[in-house]
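Undergrad: Supplied structure: coords-v7.pdb, PDB, C-alpha atoms.
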```
ATOM      1  CA  MET A   1       4.726  -6.845  11.555
ATOM      2  CA  LEU A   2       5.712  -8.970   8.579
ATOM      3  CA  SER A   3       7.670  -7.768   5.577
ATOM      4  CA  VAL A   4       6.973 -10.940   3.590
ATOM      5  CA  ARG A   5       3.621 -11.937   2.140
ATOM      6  CA  ALA A   6       2.331 -15.375   3.026
ATOM      7  CA  SER A   7       0.481 -15.521  -0.273
ATOM      8  CA  VAL A   8       3.779 -15.239  -2.167
ATOM      9  CA  LEU A   9       5.793 -17.628  -0.003
ATOM     10  CA  GLY A  10       3.074 -20.243  -0.247
ATOM     11  CA  ASN A  11       2.185 -23.013   2.187
ATOM     12  CA  LEU A  12       4.942 -23.440   4.816
ATOM     13  CA  ALA A  13       3.436 -26.485   6.544
ATOM     14  CA  GLY A  14       6.040 -29.198   6.989
ATOM     15  CA  LYS A  15       8.826 -27.075   5.503
ATOM     16  CA  LEU A  16      12.190 -26.193   7.019
ATOM     17  CA  VAL A  17      12.619 -22.424   7.231
ATOM     18  CA  LEU A  18      15.726 -20.380   8.030
ATOM     19  CA  ASP A  19      15.296 -16.861   9.421
ATOM     20  CA  PHE A  20      18.697 -15.407   8.489
ATOM     21  CA  GLY A  21      19.688 -12.490  10.727
ATOM     22  CA  ALA A  22      16.542 -13.110  12.725
ATOM     23  CA  GLY A  23      16.962 -10.294  15.225
ATOM     24  CA  ALA A  24      13.988 -10.361  17.589
ATOM     25  CA  GLY A  25      12.496 -13.203  15.524
ATOM     26  CA  ARG A  26       9.292 -11.735  14.097
ATOM     27  CA  HIS A  27       9.437 -13.783  10.895
ATOM     28  CA  ALA A  28      10.670 -16.902  12.688
ATOM     29  CA  PHE A  29       7.786 -16.857  15.159
ATOM     30  CA  TRP A  30       5.256 -16.259  12.403
ATOM     31  CA  ALA A  31       6.614 -19.121  10.291
ATOM     32  CA  ALA A  32       6.376 -21.481  13.261
ATOM     33  CA  THR A  33       2.660 -20.703  13.572
ATOM     34  CA  GLN A  34       2.331 -21.691   9.905
ATOM     35  CA  HIS A  35       3.298 -25.265  10.850
ATOM     36  CA  ALA A  36       6.916 -24.969   9.671
ATOM     37  CA  SER A  37      10.079 -26.054  11.450
ATOM     38  CA  VAL A  38      12.064 -22.853  11.899
ATOM     39  CA  VAL A  39      15.685 -22.038  12.704
ATOM     40  CA  ALA A  40      16.360 -18.452  13.785
ATOM     41  CA  VAL A  41      20.002 -17.441  13.245
ATOM     42  CA  ASP A  42      21.705 -14.250  14.339
ATOM     43  CA  LEU A  43      25.275 -13.204  15.069
ATOM     44  CA  ALA A  44      24.225 -11.260  18.183
ATOM     45  CA  PHE A  45      23.484 -13.481  21.168
ATOM     46  CA  ASN A  46      21.410 -10.782  22.858
ATOM     47  CA  GLU A  47      19.061 -10.760  19.842
ATOM     48  CA  ILE A  48      18.112 -14.436  20.016
ATOM     49  CA  VAL A  49      18.667 -15.381  23.660
ATOM     50  CA  ASN A  50      14.941 -15.085  24.375
ATOM     51  CA  ALA A  51      13.823 -16.915  21.243
ATOM     52  CA  PRO A  52      13.740 -20.499  22.660
ATOM     53  CA  PRO A  53      11.333 -19.743  25.544
ATOM     54  CA  PHE A  54       9.201 -17.619  23.232
ATOM     55  CA  PHE A  55       9.013 -20.460  20.717
ATOM     56  CA  GLU A  56       8.013 -22.813  23.541
ATOM     57  CA  ALA A  57       5.270 -20.505  24.811
ATOM     58  CA  LEU A  58       4.024 -19.729  21.312
ATOM     59  CA  LEU A  59       3.724 -23.341  20.226
ATOM     60  CA  ALA A  60       2.652 -24.983  23.492
ATOM     61  CA  ASP A  61      -1.095 -24.501  23.059
ATOM     62  CA  ASP A  62      -1.355 -25.701  19.489
ATOM     63  CA  PRO A  63       0.052 -29.141  18.625
ATOM     64  CA  GLU A  64      -0.534 -28.363  14.944
ATOM     65  CA  ASN A  65       2.060 -25.602  15.008
ATOM     66  CA  GLY A  66       5.631 -26.195  13.912
ATOM     67  CA  LYS A  67       8.919 -26.208  15.795
ATOM     68  CA  GLY A  68      11.371 -23.440  16.572
ATOM     69  CA  PHE A  69      15.104 -23.365  17.252
ATOM     70  CA  ALA A  70      17.614 -20.549  17.778
ATOM     71  CA  VAL A  71      21.285 -20.595  16.788
ATOM     72  CA  GLN A  72      23.994 -17.981  17.265
ATOM     73  CA  ALA A  73      26.190 -18.009  14.168
ATOM     74  CA  SER A  74      27.847 -15.835  11.547
ATOM     75  CA  GLY A  75      25.957 -15.378   8.325
ATOM     76  CA  LEU A  76      29.248 -15.906   6.505
ATOM     77  CA  GLN A  77      29.684 -19.403   7.910
ATOM     78  CA  LEU A  78      26.361 -21.038   8.675
ATOM     79  CA  PRO A  79      26.572 -24.306  10.655
ATOM     80  CA  PHE A  80      24.269 -26.200   8.294
ATOM     81  CA  ALA A  81      24.804 -28.649   5.473
ATOM     82  CA  GLY A  82      24.212 -27.549   1.918
ATOM     83  CA  ASN A  83      20.761 -27.908   0.363
ATOM     84  CA  THR A  84      18.995 -27.961   3.747
ATOM     85  CA  PHE A  85      16.251 -25.313   3.845
ATOM     86  CA  ASP A  86      13.044 -25.081   1.826
ATOM     87  CA  VAL A  87      12.690 -21.358   2.565
ATOM     88  CA  VAL A  88      15.203 -18.706   3.670
ATOM     89  CA  ILE A  89      14.036 -15.287   4.886
ATOM     90  CA  ALA A  90      16.621 -12.500   5.235
ATOM     91  CA  SER A  91      14.705  -9.423   6.350
ATOM     92  CA  GLU A  92      16.427  -6.033   6.796
ATOM     93  CA  VAL A  93      19.841  -7.605   7.352
ATOM     94  CA  PHE A  94      21.968  -7.225   4.203
ATOM     95  CA  GLU A  95      22.401  -3.487   4.688
ATOM     96  CA  HIS A  96      24.277  -4.356   7.911
ATOM     97  CA  ILE A  97      26.704  -6.931   6.434
ATOM     98  CA  PRO A  98      30.097  -5.736   5.106
ATOM     99  CA  ASP A  99      30.588  -8.743   2.803
ATOM    100  CA  ASP A 100      27.086  -9.042   1.412
ATOM    101  CA  ALA A 101      28.147 -11.215  -1.543
ATOM    102  CA  SER A 102      29.603 -13.900   0.742
ATOM    103  CA  ALA A 103      26.496 -13.820   2.931
ATOM    104  CA  MET A 104      24.271 -14.305  -0.118
ATOM    105  CA  ALA A 105      26.466 -17.182  -1.279
ATOM    106  CA  GLU A 106      25.961 -18.869   2.107
ATOM    107  CA  ILE A 107      22.207 -18.499   1.815
ATOM    108  CA  VAL A 108      22.285 -20.086  -1.622
ATOM    109  CA  ARG A 109      24.480 -22.897  -0.311
ATOM    110  CA  VAL A 110      22.062 -23.913   2.463
ATOM    111  CA  ALA A 111      18.879 -23.469   0.392
ATOM    112  CA  LYS A 112      17.501 -26.555  -1.301
ATOM    113  CA  PRO A 113      17.407 -26.700  -5.092
ATOM    114  CA  GLY A 114      14.042 -25.200  -5.958
ATOM    115  CA  GLY A 115      13.917 -23.513  -2.544
ATOM    116  CA  VAL A 116      12.646 -19.976  -2.008
ATOM    117  CA  VAL A 117      14.786 -17.099  -0.758
ATOM    118  CA  CYS A 118      13.100 -13.879   0.379
ATOM    119  CA  VAL A 119      15.271 -10.796   0.910
ATOM    120  CA  THR A 120      14.086  -7.425   2.191
ATOM    121  CA  VAL A 121      16.158  -4.228   2.372
ATOM    122  CA  PRO A 122      15.350  -0.567   3.003
ATOM    123  CA  ARG A 123      14.020   1.091  -0.146
ATOM    124  CA  PHE A 124      16.467   3.450  -1.822
ATOM    125  CA  PHE A 125      14.497   6.724  -1.899
ATOM    126  CA  PRO A 126      13.304   7.006   1.727
ATOM    127  CA  GLU A 127      16.593   5.555   2.965
ATOM    128  CA  ALA A 128      18.582   8.179   1.056
ATOM    129  CA  ILE A 129      16.465  10.927   2.631
ATOM    130  CA  TYR A 130      17.084   9.534   6.132
ATOM    131  CA  TRP A 131      20.842   9.470   5.494
ATOM    132  CA  LEU A 132      20.760  13.107   4.324
ATOM    133  CA  LEU A 133      18.756  14.256   7.333
ATOM    134  CA  SER A 134      20.612  12.394  10.064
ATOM    135  CA  THR A 135      24.083  10.892  10.360
ATOM    136  CA  GLU A 136      22.867   9.435  13.646
ATOM    137  CA  TYR A 137      20.393   7.267  11.722
ATOM    138  CA  HIS A 138      23.044   5.120  10.052
ATOM    139  CA  ASN A 139      26.430   6.098  11.527
ATOM    140  CA  ALA A 140      26.325   3.855  14.585
ATOM    141  CA  PRO A 141      27.785   0.471  15.579
ATOM    142  CA  GLY A 142      25.838  -2.188  13.703
ATOM    143  CA  GLY A 143      24.124   0.472  11.598
ATOM    144  CA  HIS A 144      23.373   0.574   7.891
ATOM    145  CA  LEU A 145      26.495   0.316   5.725
ATOM    146  CA  ARG A 146      24.936   0.950   2.329
ATOM    147  CA  ILE A 147      21.787   1.947   0.473
ATOM    148  CA  TYR A 148      20.696  -0.548  -2.166
ATOM    149  CA  ARG A 149      19.218   0.470  -5.440
ATOM    150  CA  ARG A 150      16.735  -2.037  -6.797
ATOM    151  CA  SER A 151      19.161  -3.059  -9.539
ATOM    152  CA  GLN A 152      21.912  -3.698  -6.992
ATOM    153  CA  ILE A 153      19.955  -6.077  -4.784
ATOM    154  CA  ASN A 154      18.609  -7.835  -7.872
ATOM    155  CA  ASN A 155      22.156  -8.265  -9.161
ATOM    156  CA  LEU A 156      23.401  -9.534  -5.783
ATOM    157  CA  VAL A 157      20.731 -12.228  -5.776
ATOM    158  CA  GLN A 158      21.100 -13.241  -9.406
ATOM    159  CA  VAL A 159      24.909 -13.442  -9.372
ATOM    160  CA  ALA A 160      24.607 -15.851  -6.427
ATOM    161  CA  GLY A 161      22.508 -18.178  -8.568
ATOM    162  CA  LEU A 162      18.924 -17.244  -7.750
ATOM    163  CA  GLY A 163      16.081 -16.397 -10.109
ATOM    164  CA  VAL A 164      13.834 -13.512  -9.042
ATOM    165  CA  TYR A 165      10.127 -14.203  -9.498
ATOM    166  CA  ARG A 166       8.332 -11.508  -7.483
ATOM    167  CA  THR A 167       8.961  -8.130  -5.833
ATOM    168  CA  HIS A 168       6.883  -5.592  -3.912
ATOM    169  CA  HIS A 169       7.215  -2.839  -1.313
ATOM    170  CA  ALA A 170       6.160  -2.881   2.331
ATOM    171  CA  HIS A 171       5.689  -0.752   5.449
ATOM    172  CA  ALA A 172       4.510   2.543   3.960
ATOM    173  CA  LEU A 173       3.162   3.600   7.359
ATOM    174  CA  HIS A 174       6.674   3.304   8.791
ATOM    175  CA  THR A 175       8.208   5.701   6.274
ATOM    176  CA  PRO A 176       6.868   8.827   8.075
ATOM    177  CA  TYR A 177       7.912   7.314  11.416
ATOM    178  CA  TRP A 178      11.595   7.245  10.472
ATOM    179  CA  LEU A 179      11.318  10.624   8.790
ATOM    180  CA  ILE A 180      10.046  12.063  12.070
ATOM    181  CA  ARG A 181      12.821  10.378  14.037
ATOM    182  CA  CYS A 182      15.485  11.758  11.713
ATOM    183  CA  LEU A 183      14.017  15.267  11.979
ATOM    184  CA  VAL A 184      13.623  15.380  15.767
ATOM    185  CA  GLY A 185      16.643  13.218  16.614
ATOM    186  CA  VAL A 186      16.821   9.436  16.361
ATOM    187  CA  THR A 187      17.275   9.030  20.117
ATOM    188  CA  ASN A 188      14.860  11.808  21.082
ATOM    189  CA  GLU A 189      11.805  10.064  22.463
ATOM    190  CA  ASP A 190      10.465  13.189  24.153
ATOM    191  CA  SER A 191       9.228  14.742  20.930
ATOM    192  CA  ARG A 192       5.433  15.044  20.956
ATOM    193  CA  LEU A 193       5.237  14.312  17.241
ATOM    194  CA  TYR A 194       7.349  11.174  17.669
ATOM    195  CA  ARG A 195       5.270   9.928  20.599
ATOM    196  CA  LEU A 196       1.976  10.490  18.774
ATOM    197  CA  TYR A 197       3.060   8.633  15.656
ATOM    198  CA  HIS A 198       4.665   5.851  17.671
ATOM    199  CA  ARG A 199       1.412   5.408  19.562
ATOM    200  CA  PHE A 200      -0.444   5.157  16.256
ATOM    201  CA  LEU A 201       1.931   2.472  14.952
ATOM    202  CA  VAL A 202       1.647   0.428  18.150
ATOM    203  CA  TRP A 203      -2.137   0.628  17.896
ATOM    204  CA  ASP A 204      -2.006  -0.422  14.248
ATOM    205  CA  ILE A 205       0.301  -3.392  14.917
ATOM    206  CA  THR A 206      -1.662  -4.666  17.910
ATOM    207  CA  LYS A 207      -5.209  -4.034  16.661
ATOM    208  CA  LYS A 208      -4.593  -4.766  12.961
ATOM    209  CA  PRO A 209      -7.575  -2.795  11.650
ATOM    210  CA  ARG A 210      -8.573  -3.479   8.060
ATOM    211  CA  THR A 211      -8.697   0.217   7.224
ATOM    212  CA  THR A 212      -4.990   0.858   7.875
ATOM    213  CA  ALA A 213      -4.031  -2.467   6.278
ATOM    214  CA  LEU A 214      -5.824  -1.378   3.106
ATOM    215  CA  LEU A 215      -4.327   2.106   3.313
ATOM    216  CA  GLU A 216      -0.815   0.714   3.612
ATOM    217  CA  ARG A 217      -1.374  -1.699   0.738
ATOM    218  CA  VAL A 218      -2.399   1.246  -1.450
ATOM    219  CA  LEU A 219       0.526   3.418  -0.329
ATOM    220  CA  ASN A 220       3.242   0.727  -0.459
ATOM    221  CA  PRO A 221       4.079   1.088  -4.182
ATOM    222  CA  ILE A 222       4.614   4.824  -3.685
ATOM    223  CA  GLY A 223       6.036   5.152  -0.199
ATOM    224  CA  GLY A 224       6.874   1.703   1.158
ATOM    225  CA  LYS A 225       9.943   1.754   3.385
ATOM    226  CA  SER A 226      11.118  -1.740   2.416
ATOM    227  CA  PHE A 227      11.822  -3.450  -0.901
ATOM    228  CA  VAL A 228      10.912  -7.147  -0.815
ATOM    229  CA  LEU A 229      12.298  -9.665  -3.294
ATOM    230  CA  TYR A 230      11.429 -13.348  -3.771
ATOM    231  CA  ALA A 231      13.759 -15.669  -5.654
ATOM    232  CA  ARG A 232      14.174 -19.358  -6.265
ATOM    233  CA  LYS A 233      17.300 -21.487  -6.276
ATOM    234  CA  ASP A 234      17.580 -23.185  -9.623
ATOM    235  CA  SER A 235      17.383 -26.958  -9.339
ATOM    236  CA  GLY A 236      20.718 -27.145 -11.122
ATOM    237  CA  VAL A 237      22.550 -24.974  -8.566
ATOM    238  CA  ARG A 238      24.304 -27.295  -6.098
ATOM    239  CA  ARG A 239      26.335 -24.861  -4.022
TER     240      ARG A 239
END
```
I'd like the structure from this file rewritten - as structure tokens, please.
TA:
Amino acid sequence: MLSVRASVLGNLAGKLVLDFGAGAGRHAFWAATQHASVVAVDLAFNEIVNAPPFFEALLADDPENGKGFAVQASGLQLPFAGNTFDVVIASEVFEHIPDDASAMAEIVRVAKPGGVVCVTVPRFFPEAIYWLLSTEYHNAPGGHLRIYRRSQINNLVQVAGLGVYRTHHAHALHTPYWLIRCLVGVTNEDSRLYRLYHRFLVWDITKKPRTTALLERVLNPIGGKSFVLYARKDSGVRR
């Protein structure tokens, strides 16, 4: 389930990609199948401990695929030289970071001049509703610390030295899912409504029918759960 659009990121073959705050690695694994060399970074060891064997299994049958590596590190002090990565993806991570400005500065530092940075965060309107309905949704260790307005995430990126060139919304079919969870209880997996919608989402993710893909594309501008931003590091920025 990708938040980014391959058509916007462009051809990743032969490029060095950083998945910043990779979590379970969905974007890292996808980028590796696009013939890129990928580094998945996360502060939590339990999030990335299984990434190396998964990379190995994913890439073993196709010599044309890229390479994958996993590193445990803080997003405020990345263990990479400046101007290293062609593409940086930071998906659904900035809402978890107390010092988001410093984290963005680190991303800009390690991105190559002319490199692409893609940032996704929860969209303001549905996120605000979830916060109103359930303190359990965000008030937990490692939970969401803030709700970004579009202007705020744009400003965060631009102040760091990036130029925004494209935005869109994603995951409209997941907006009702989190609404249901907030209504019935975030940890309540016995709810019939929750189980039915969860089953639908699993079917959609695994089967990838064109009908729901088209439906979500139509609904994303109105009800997409995530805001997705693409920016480029100016060739004159040498951070």
Undergrad: The PyMOL selection byres ((chain A and resi 10) around 12) on the file shown: which residues, as a PDB file with C-alpha atoms, keeping the file's coordinate frame?
TA:
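out06.pdb written:
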```pdb
ATOM      1  CA  VAL A   4       6.973 -10.940   3.590  1.00  0.00           C
ATOM      2  CA  ARG A   5       3.621 -11.937   2.140  1.00  0.00           C
ATOM      3  CA  ALA A   6       2.331 -15.375   3.026  1.00  0.00           C
ATOM      4  CA  SER A   7       0.481 -15.521  -0.273  1.00  0.00           C
ATOM      5  CA  VAL A   8       3.779 -15.239  -2.167  1.00  0.00           C
ATOM      6  CA  LEU A   9       5.793 -17.628  -0.003  1.00  0.00           C
ATOM      7  CA  ASN A  11       2.185 -23.013   2.187  1.00  0.00           C
ATOM      8  CA  LEU A  12       4.942 -23.440   4.816  1.00  0.00           C
ATOM      9  CA  ALA A  13       3.436 -26.485   6.544  1.00  0.00           C
ATOM     10  CA  GLY A  14       6.040 -29.198   6.989  1.00  0.00           C
ATOM     11  CA  LYS A  15       8.826 -27.075   5.503  1.00  0.00           C
ATOM     12  CA  ALA A  31       6.614 -19.121  10.291  1.00  0.00           C
ATOM     13  CA  GLN A  34       2.331 -21.691   9.905  1.00  0.00           C
ATOM     14  CA  ALA A  36       6.916 -24.969   9.671  1.00  0.00           C
ATOM     15  CA  ASP A  86      13.044 -25.081   1.826  1.00  0.00           C
ATOM     16  CA  VAL A  87      12.690 -21.358   2.565  1.00  0.00           C
ATOM     17  CA  GLY A 115      13.917 -23.513  -2.544  1.00  0.00           C
ATOM     18  CA  VAL A 116      12.646 -19.976  -2.008  1.00  0.00           C
ATOM     19  CA  CYS A 118      13.100 -13.879   0.379  1.00  0.00           C
ATOM     20  CA  TYR A 230      11.429 -13.348  -3.771  1.00  0.00           C
TER      21      TYR A 230
END
```
Undergrad: Could you tell me which of A:Ile129, A:Ala51, A:Ala44, A:Ile180 comes closest to Ala70 of chain A if we count all atoms listed in the file?
TA: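 Result for the nearest residue to Ala70 of chain A: A:Ala51.
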Undergrad: What is the atom CA of Leu162 of chain A-atom CA of Ile147 of chain A distance in Å, reported with one decimal?
TA: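 Computing it gives 21.1 Å between the two atoms.
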Undergrad: Using all atoms listed in the file, pick whichever of A:Gln72, A:Asn188, A:Ser3, A:Asn50 has the shortest atom-to-atom distance to Ser91 of chain A.
TA: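 The answer is A:Ser3, which sits nearest to Ser91 of chain A.
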Undergrad: Which residue gives the smallest distance to His169 of chain A among A:Ala111, A:Val93, A:Val228, A:Ile153, with only C-alpha atoms counted?
TA: A:Val228
Undergrad: Can you find the residues with an atom no farther than 12 Å from (23.1, -6.2, 21.4), counting only C-alpha atoms, and report them as a list in words?
TA: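 Collected hits near the coordinates: Gly23, Ala24, Asp42, Leu43, Ala44, Phe45, Asn46, Glu47, Ile48, Val49, Pro141, Gly142 and Gly143 of chain A.
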Undergrad: Have a look at A:Leu133, A:Ile97, A:Val88, A:Ala103 and name the one nearest to Val17 of chain A; count all atoms listed in the file.
TA: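 For Val17 of chain A, the nearest of the candidates is A:Val88.
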Undergrad: Ranking A:Asp61, A:Thr120, A:Leu173, A:Pro113 by minimum distance to Ile205 of chain A and counting all atoms listed in the file, which one comes first?
TA: A:Leu173
Undergrad: Can you list what the PyMOL selection byres ((chain A and resi 80) around 12) grabs from this structure, as JSON, numbers by chain?
TA: {"A": [18, 39, 41, 71, 73, 74, 75, 76, 77, 78, 79, 81, 82, 83, 84, 85, 106, 107, 108, 109, 110, 111, 112]}
Undergrad: Hey, can you check how far atom CA of Leu183 of chain A sits from atom CA of Tyr137 of chain A?
TA: 10.2 Å
Undergrad: Using only C-alpha atoms, determine which residues lie at most 12 Å from segment 213-226 of chain A, disregarding the query and same-chain residues fewer than 6 positions distant; provide the list as a PyMOL selection string.
TA: chain A and resi 1-5+91-93+95+119-130+147-150+167-179+201+204-205+207
Undergrad: Report, in Å to a single decimal, how far apart atom CA of Val117 of chain A and atom CA of Ala57 of chain A are.
TA: 27.5 Å
Undergrad: Go through A:His27, A:Arg181, A:Arg166, A:Arg192 one by one, measure the shortest atom-to-atom distance of each to Thr135 of chain A using all atoms listed in the file, and give the residue with the smallest value.
TA: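 When distances to Thr135 of chain A are compared using all atoms listed in the file, the smallest one comes from A:Arg181.
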Undergrad: Skip Asp19 of chain A itself and residues of its chain fewer than 6 positions away, then list as a PDB file with C-alpha atoms, in the coordinates of the input all residues within 6 Å of it, counting all atoms listed in the file.
TA:
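Below is the file that was written, around-v4.pdb:
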```pdb
ATOM      1  CA  ALA A  28      10.670 -16.902  12.688  1.00  0.00           C
ATOM      2  CA  ALA A  40      16.360 -18.452  13.785  1.00  0.00           C
ATOM      3  CA  ILE A  89      14.036 -15.287   4.886  1.00  0.00           C
TER       4      ILE A  89
END
```
Undergrad: Please put the answer as JSON: centre and edge lengths, in Å with one decimal, of a box along x, y and z that encloses all listed atoms of segment 48-58 of chain A plus 8 Å on each side.
TA:
```
{"center_x": 11.3, "center_y": -18.6, "center_z": 22.8, "size_x": 30.6, "size_y": 24.4, "size_z": 21.5}
```
